[in-house]
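Chemist: My structure is stored as protein-v8.txt, with compact mmCIF, C-alpha atoms.
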```txt
# COMPACT_ATOMS: atom_id res chain seq x y z
CA MET A 1 23.25 -14.13 -20.79
CA THR A 2 19.71 -15.28 -20.46
CA VAL A 3 18.50 -16.63 -17.19
CA ALA A 4 16.39 -19.79 -17.35
CA PHE A 5 12.89 -19.07 -16.12
CA PHE A 6 10.01 -21.49 -15.78
CA SER A 7 7.48 -21.38 -18.56
CA GLY A 8 4.00 -20.09 -17.69
CA SER A 9 2.44 -23.51 -17.12
CA ARG A 10 5.37 -24.73 -15.01
CA ARG A 11 5.24 -21.57 -12.93
CA ARG A 12 1.51 -22.04 -12.28
CA ALA A 13 2.10 -25.68 -11.33
CA ALA A 14 4.88 -24.69 -8.92
CA VAL A 15 2.66 -22.01 -7.33
CA ALA A 16 -0.22 -24.49 -7.01
CA LEU A 17 2.07 -27.08 -5.43
CA GLY A 18 3.34 -24.47 -2.98
CA ALA A 19 -0.21 -23.42 -2.09
CA VAL A 20 -1.29 -27.02 -1.50
CA SER A 21 1.77 -27.66 0.67
CA ALA A 22 1.12 -24.53 2.73
CA GLY A 23 -2.56 -25.48 3.09
CA LEU A 24 -1.68 -28.96 4.34
CA LEU A 25 0.76 -27.46 6.82
CA VAL A 26 -1.93 -25.13 8.18
CA LEU A 27 -4.51 -27.94 8.40
CA SER A 28 -2.11 -30.23 10.23
CA ALA A 29 -1.92 -27.64 13.02
CA CYS A 30 -5.72 -27.61 13.48
CA ASP A 31 -7.56 -29.71 16.02
CA LYS A 32 -9.54 -32.62 14.66
CA PRO A 33 -13.26 -31.80 14.93
CA THR A 34 -15.30 -33.87 17.35
CA PRO A 35 -18.16 -36.05 16.14
CA ILE A 36 -21.50 -34.27 15.77
CA ALA A 37 -24.79 -34.88 17.57
CA THR A 38 -28.05 -33.50 16.15
CA VAL A 39 -31.52 -32.79 17.54
CA THR A 40 -34.40 -32.37 15.07
CA VAL A 41 -37.96 -31.24 15.76
CA GLY A 42 -40.17 -31.09 12.69
CA SER A 43 -38.09 -29.31 10.05
CA ASP A 44 -35.85 -27.50 12.57
CA SER A 45 -32.47 -28.97 13.52
CA ILE A 46 -29.60 -28.03 15.76
CA HIS A 47 -26.27 -29.77 15.89
CA SER A 48 -23.25 -29.48 18.07
CA GLU A 49 -19.73 -30.66 18.54
CA ALA A 50 -18.92 -32.17 21.92
CA ALA A 51 -18.74 -30.02 25.04
CA CYS A 52 -16.16 -32.51 26.32
CA TYR A 53 -14.32 -35.01 24.16
CA ASN A 54 -10.96 -36.73 24.47
CA ASP A 55 -10.52 -38.02 20.90
CA GLY A 56 -12.41 -41.23 21.68
CA ASP A 57 -10.56 -41.98 24.93
CA ALA A 58 -12.21 -41.85 28.36
CA ILE A 59 -12.85 -38.41 29.85
CA LYS A 60 -10.94 -38.04 33.12
CA GLU A 61 -13.03 -38.85 36.20
CA SER A 62 -12.18 -35.44 37.66
CA GLN A 63 -13.75 -33.69 34.62
CA ILE A 64 -16.94 -35.72 34.16
CA GLN A 65 -19.20 -33.86 36.61
CA GLN A 66 -17.95 -30.48 35.40
CA CYS A 67 -18.67 -31.54 31.80
CA LEU A 68 -22.15 -32.84 32.66
CA ASN A 69 -22.97 -29.55 34.42
CA LYS A 70 -22.02 -27.31 31.46
CA LYS A 71 -24.90 -25.30 30.04
CA ALA A 72 -26.13 -26.03 26.54
CA GLU A 73 -25.17 -23.50 23.88
CA LYS A 74 -27.78 -24.69 21.38
CA SER A 75 -31.55 -24.71 21.95
CA ILE A 76 -34.66 -25.71 20.05
CA THR A 77 -38.34 -25.03 20.71
CA VAL A 78 -40.71 -27.99 20.91
CA ALA A 79 -44.45 -28.49 21.38
CA MET A 80 -45.64 -31.17 23.77
CA ASP A 81 -47.00 -33.29 20.91
CA ASP A 82 -43.78 -33.08 18.82
CA LYS A 83 -41.43 -35.97 18.30
CA ILE A 84 -37.78 -35.23 19.01
CA ARG A 85 -35.28 -36.98 16.79
CA PHE A 86 -31.76 -37.55 18.06
CA GLY A 87 -28.95 -38.38 15.65
CA VAL A 88 -25.30 -39.12 16.28
CA ASP A 89 -22.27 -39.84 14.12
CA PRO A 90 -21.57 -43.53 13.51
CA ASP A 91 -18.44 -43.23 15.68
CA ILE A 92 -20.64 -42.36 18.66
CA ALA A 93 -23.13 -45.15 17.90
CA ASP A 94 -20.34 -47.72 17.66
CA ASN A 95 -19.47 -47.13 21.32
CA GLY A 96 -23.05 -46.52 22.44
CA TRP A 97 -24.80 -43.43 23.81
CA THR A 98 -27.32 -42.55 26.46
CA ILE A 99 -29.48 -39.55 27.23
CA PHE A 100 -29.01 -37.61 30.45
CA LEU A 101 -31.60 -35.12 31.74
CA GLY A 102 -30.36 -32.34 33.98
CA GLY A 103 -27.03 -34.12 34.43
CA GLN A 104 -28.62 -37.42 35.52
CA GLN A 105 -28.61 -40.60 33.46
CA ALA A 106 -32.13 -41.27 32.11
CA GLU A 107 -31.48 -44.67 30.53
CA PRO A 108 -29.87 -47.81 31.93
CA GLU A 109 -28.14 -49.10 28.78
CA PRO A 110 -26.23 -47.44 25.93
CA TYR A 111 -28.10 -47.18 22.62
CA LYS A 112 -26.11 -48.48 19.60
CA LYS A 113 -27.92 -46.96 16.61
CA THR A 114 -27.31 -43.57 14.99
CA TYR A 115 -30.91 -42.34 15.19
CA ARG A 116 -33.89 -42.48 17.52
CA THR A 117 -37.19 -40.68 18.14
CA ILE A 118 -38.67 -39.82 21.55
CA PRO A 119 -41.93 -37.91 22.26
CA ALA A 120 -41.33 -34.38 23.55
CA SER A 121 -43.70 -34.97 26.47
CA ALA A 122 -41.07 -37.30 27.99
CA PHE A 123 -38.75 -34.34 28.56
CA PHE A 124 -40.99 -31.80 30.28
CA SER A 125 -41.64 -33.03 33.79
CA SER A 126 -39.21 -32.76 36.66
CA GLN A 127 -38.21 -35.63 38.93
CA THR A 128 -40.87 -34.47 41.37
CA GLY A 129 -43.52 -34.64 38.63
CA GLU A 130 -43.87 -30.86 38.19
CA ALA A 131 -44.04 -29.46 34.67
CA THR A 132 -40.99 -27.57 33.39
CA ASP A 133 -40.56 -25.14 30.49
CA ASN A 134 -36.89 -25.88 29.75
CA THR A 135 -34.93 -29.10 29.84
CA GLN A 136 -31.26 -29.67 29.24
CA VAL A 137 -30.73 -32.90 27.34
CA THR A 138 -27.25 -34.34 27.25
CA ILE A 139 -26.07 -37.04 24.90
CA VAL A 140 -23.29 -39.05 26.48
CA GLU A 141 -21.11 -41.39 24.46
CA ASN A 142 -20.12 -44.32 26.61
CA THR A 143 -19.00 -47.89 26.40
CA GLY A 144 -20.96 -48.86 29.51
CA LYS A 145 -17.84 -48.38 31.62
CA LYS A 146 -16.31 -45.08 30.53
CA LEU A 147 -17.63 -41.76 29.22
CA THR A 148 -15.93 -40.63 26.03
CA GLY A 149 -18.01 -37.66 24.83
CA ILE A 150 -20.67 -35.22 26.06
CA TRP A 151 -23.05 -33.08 23.92
CA HIS A 152 -25.60 -30.62 25.38
CA PHE A 153 -28.89 -29.30 23.98
CA GLN A 154 -31.61 -27.14 25.53
CA LEU A 155 -35.26 -28.01 24.81
CA LYS A 156 -37.65 -25.08 25.25
CA LYS A 157 -41.34 -25.82 25.56
CA GLU A 158 -43.48 -23.89 23.10
CA SER A 159 -45.77 -21.46 24.91
```
Could you render the structure as structure tokens?

Modeler:
Amino acid sequence: MTVAFFSGSRRRAAVALGAVSAGLLVLSACDKPTPIATVTVGSDSIHSEAACYNDGDAIKESQIQQCLNKKAEKSITVAMDDKIRFGVDPDIADNGWTIFLGGQQAEPEPYKKTYRTIPASAFFSSQTGEATDNTQVTIVENTGKKLTGIWHFQLKKES
């Protein structure tokens, strides 16, 4: 007349196994996060996932200009004598990355390391030589032939 029930420890193990299984099911439905790019000035840092990313494959030609023209969601204030440090995930560095200013490529060749430092003064003059107070810097992951990821940051000149 007695019904067989699990003992306390077996019941807890079964509940834990069920919770882990449910958690894995929920996680499998989530999108994989994109690699991260980071901008650091002094002790302040901002980081961002990609504005456009196709899981390491080339971004469609029809989307590239639209992606390059997106506005940065993250900003950081810099003084003219600061050094700006750019960091990217190793996945980005493996392919190579370049810096774009205002949607235009600022470097001829992709950079293949995860970290670099550039003086802030390099970012605050327009193409006509006039001083600017804000600059959108875009990190573009590319293999030299195709763009695979785009990250945007806004640099604000300290007043």

Chemist: As an exercise, work out the distance from atom CA of Ala79 of chain A to atom CA of Pro35 of chain A in Å and give it to one decimal place.

Modeler: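 Interatomic distance here is 27.9 Å.
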
Chemist: Work out how far atom CA of Gly87 of chain A is from atom CA of His152 of chain A, in Å to one decimal.

Modeler: 12.9 Å

Chemist: Please provide as a list of chain:residue names all residues within 10 Å of segment 52-55 of chain A, with the sequence filter that same-chain residues fewer than 2 positions apart are discarded (counting all atoms listed in the file).

Modeler: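 The contact residues come out as A:Lys32, A:Pro33, A:Thr34, A:Pro35, A:Glu49, A:Ala50, A:Asp57, A:Ala58, A:Ile59, A:Lys60, A:Gln63, A:Ile64, A:Gln66, A:Cys67, A:Leu68, A:Lys70, A:Val140, A:Glu141, A:Leu147, A:Thr148, A:Gly149, A:Ile150, A:Trp151, A:His152.
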
Chemist: Please report the interatomic distance between atom CA of Thr98 of chain A and atom CA of Pro110 of chain A in Å with one decimal.

Modeler: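 These atoms are spaced 5.0 Å apart.
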
Chemist: Nearest to Gly103 of chain A among A:Val88, A:Ala37, A:Val137, A:Ala72, with distances taken over only C-alpha atoms: which residue is it?

Modeler: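 Of A:Val88, A:Ala37, A:Val137, A:Ala72, the one nearest Gly103 of chain A is A:Val137, counting only C-alpha atoms.
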
Chemist: Within 10 Å of Ile118 of chain A, counting only C-alpha atoms, which residues show up once you throw out same-chain ones fewer than 5 positions away? Write them as a PyMOL selection string, please.

Modeler: chain A and resi 82-86+123

Chemist: Show which residues sit within 8 Å of Gly102 of chain A, as a list in words. Count all atoms listed in the file, and ignore same-chain residues fewer than 4 positions away.

Modeler: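 The residues that qualify are Asn69, Thr135, Gln136, Val137 and Thr138 of chain A.
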
Chemist: Restricting the calculation to only C-alpha atoms: of A:His47, A:Ser159, A:Gln104, A:Pro90, which residue gets closest to Glu73 of chain A?

Modeler: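 Among A:His47, A:Ser159, A:Gln104, A:Pro90, it is A:His47 that comes nearest to Glu73 of chain A.
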
Chemist: So, counting all atoms listed in the file, which residue among A:Thr77, A:Lys156, A:Thr114, A:Ala106 is closest to Asp91 of chain A?

Modeler: A:Thr114

Chemist: Between A:Thr143, A:Phe153, A:Ala131, A:Lys74, which residue has the minimum interatomic distance to Gly96 of chain A, considering all atoms listed in the file?

Modeler: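 Checking each of A:Thr143, A:Phe153, A:Ala131, A:Lys74 against Gly96 of chain A, counting all atoms listed in the file, the winner is A:Thr143.
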
Chemist: N, CA, C and O atoms for segment 104-122 of chain A, written as a PDB file, keeping the file's coordinate frame, could you do that?

Modeler:
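Output contents, as saved in part08.pdb:
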```
ATOM      1  N   GLN A 104     -28.379 -36.083  34.966  1.00  0.00           N
ATOM      2  CA  GLN A 104     -28.620 -37.420  35.520  1.00  0.00           C
ATOM      3  C   GLN A 104     -28.949 -38.401  34.404  1.00  0.00           C
ATOM      4  O   GLN A 104     -29.748 -38.094  33.517  1.00  0.00           O
ATOM      5  N   GLN A 105     -28.385 -39.587  34.477  1.00  0.00           N
ATOM      6  CA  GLN A 105     -28.610 -40.600  33.460  1.00  0.00           C
ATOM      7  C   GLN A 105     -30.090 -40.996  33.432  1.00  0.00           C
ATOM      8  O   GLN A 105     -30.681 -41.316  34.455  1.00  0.00           O
ATOM      9  N   ALA A 106     -30.702 -40.973  32.252  1.00  0.00           N
ATOM     10  CA  ALA A 106     -32.130 -41.270  32.110  1.00  0.00           C
ATOM     11  C   ALA A 106     -32.378 -42.659  31.541  1.00  0.00           C
ATOM     12  O   ALA A 106     -33.527 -43.090  31.478  1.00  0.00           O
ATOM     13  N   GLU A 107     -31.334 -43.347  31.125  1.00  0.00           N
ATOM     14  CA  GLU A 107     -31.480 -44.670  30.530  1.00  0.00           C
ATOM     15  C   GLU A 107     -30.446 -45.622  31.141  1.00  0.00           C
ATOM     16  O   GLU A 107     -29.321 -45.209  31.412  1.00  0.00           O
ATOM     17  N   PRO A 108     -30.810 -46.885  31.306  1.00  0.00           N
ATOM     18  CA  PRO A 108     -29.870 -47.810  31.930  1.00  0.00           C
ATOM     19  C   PRO A 108     -28.782 -48.343  30.999  1.00  0.00           C
ATOM     20  O   PRO A 108     -27.678 -48.611  31.430  1.00  0.00           O
ATOM     21  N   GLU A 109     -29.075 -48.476  29.714  1.00  0.00           N
ATOM     22  CA  GLU A 109     -28.140 -49.100  28.780  1.00  0.00           C
ATOM     23  C   GLU A 109     -27.810 -48.170  27.613  1.00  0.00           C
ATOM     24  O   GLU A 109     -28.673 -47.435  27.149  1.00  0.00           O
ATOM     25  N   PRO A 110     -26.579 -48.226  27.108  1.00  0.00           N
ATOM     26  CA  PRO A 110     -26.230 -47.440  25.930  1.00  0.00           C
ATOM     27  C   PRO A 110     -27.010 -47.894  24.697  1.00  0.00           C
ATOM     28  O   PRO A 110     -27.273 -49.075  24.527  1.00  0.00           O
ATOM     29  N   TYR A 111     -27.389 -46.940  23.873  1.00  0.00           N
ATOM     30  CA  TYR A 111     -28.100 -47.180  22.620  1.00  0.00           C
ATOM     31  C   TYR A 111     -27.038 -47.286  21.523  1.00  0.00           C
ATOM     32  O   TYR A 111     -26.096 -46.491  21.489  1.00  0.00           O
ATOM     33  N   LYS A 112     -27.169 -48.212  20.573  1.00  0.00           N
ATOM     34  CA  LYS A 112     -26.110 -48.480  19.600  1.00  0.00           C
ATOM     35  C   LYS A 112     -26.470 -48.111  18.161  1.00  0.00           C
ATOM     36  O   LYS A 112     -25.787 -48.512  17.240  1.00  0.00           O
ATOM     37  N   LYS A 113     -27.558 -47.374  17.960  1.00  0.00           N
ATOM     38  CA  LYS A 113     -27.920 -46.960  16.610  1.00  0.00           C
ATOM     39  C   LYS A 113     -27.675 -45.458  16.463  1.00  0.00           C
ATOM     40  O   LYS A 113     -27.549 -44.747  17.444  1.00  0.00           O
ATOM     41  N   THR A 114     -27.638 -44.977  15.225  1.00  0.00           N
ATOM     42  CA  THR A 114     -27.310 -43.570  14.990  1.00  0.00           C
ATOM     43  C   THR A 114     -28.508 -42.634  15.117  1.00  0.00           C
ATOM     44  O   THR A 114     -28.328 -41.419  15.108  1.00  0.00           O
ATOM     45  N   TYR A 115     -29.712 -43.186  15.268  1.00  0.00           N
ATOM     46  CA  TYR A 115     -30.910 -42.340  15.190  1.00  0.00           C
ATOM     47  C   TYR A 115     -31.996 -42.916  16.078  1.00  0.00           C
ATOM     48  O   TYR A 115     -32.156 -44.128  16.170  1.00  0.00           O
ATOM     49  N   ARG A 116     -32.730 -42.042  16.741  1.00  0.00           N
ATOM     50  CA  ARG A 116     -33.890 -42.480  17.520  1.00  0.00           C
ATOM     51  C   ARG A 116     -34.866 -41.325  17.683  1.00  0.00           C
ATOM     52  O   ARG A 116     -34.503 -40.165  17.562  1.00  0.00           O
ATOM     53  N   THR A 117     -36.124 -41.663  17.967  1.00  0.00           N
ATOM     54  CA  THR A 117     -37.190 -40.680  18.140  1.00  0.00           C
ATOM     55  C   THR A 117     -37.837 -40.891  19.494  1.00  0.00           C
ATOM     56  O   THR A 117     -38.163 -42.019  19.864  1.00  0.00           O
ATOM     57  N   ILE A 118     -38.040 -39.778  20.228  1.00  0.00           N
ATOM     58  CA  ILE A 118     -38.670 -39.820  21.550  1.00  0.00           C
ATOM     59  C   ILE A 118     -39.718 -38.708  21.605  1.00  0.00           C
ATOM     60  O   ILE A 118     -39.452 -37.586  21.164  1.00  0.00           O
ATOM     61  N   PRO A 119     -40.918 -38.964  22.151  1.00  0.00           N
ATOM     62  CA  PRO A 119     -41.930 -37.910  22.260  1.00  0.00           C
ATOM     63  C   PRO A 119     -41.449 -36.770  23.172  1.00  0.00           C
ATOM     64  O   PRO A 119     -40.822 -37.015  24.207  1.00  0.00           O
ATOM     65  N   ALA A 120     -41.755 -35.550  22.774  1.00  0.00           N
ATOM     66  CA  ALA A 120     -41.330 -34.380  23.550  1.00  0.00           C
ATOM     67  C   ALA A 120     -41.896 -34.394  24.962  1.00  0.00           C
ATOM     68  O   ALA A 120     -41.249 -33.916  25.903  1.00  0.00           O
ATOM     69  N   SER A 121     -43.076 -34.956  25.139  1.00  0.00           N
ATOM     70  CA  SER A 121     -43.700 -34.970  26.470  1.00  0.00           C
ATOM     71  C   SER A 121     -42.832 -35.696  27.500  1.00  0.00           C
ATOM     72  O   SER A 121     -42.938 -35.419  28.693  1.00  0.00           O
ATOM     73  N   ALA A 122     -41.951 -36.571  27.066  1.00  0.00           N
ATOM     74  CA  ALA A 122     -41.070 -37.300  27.990  1.00  0.00           C
ATOM     75  C   ALA A 122     -40.026 -36.403  28.626  1.00  0.00           C
ATOM     76  O   ALA A 122     -39.433 -36.770  29.638  1.00  0.00           O
TER      77      ALA A 122
END
```
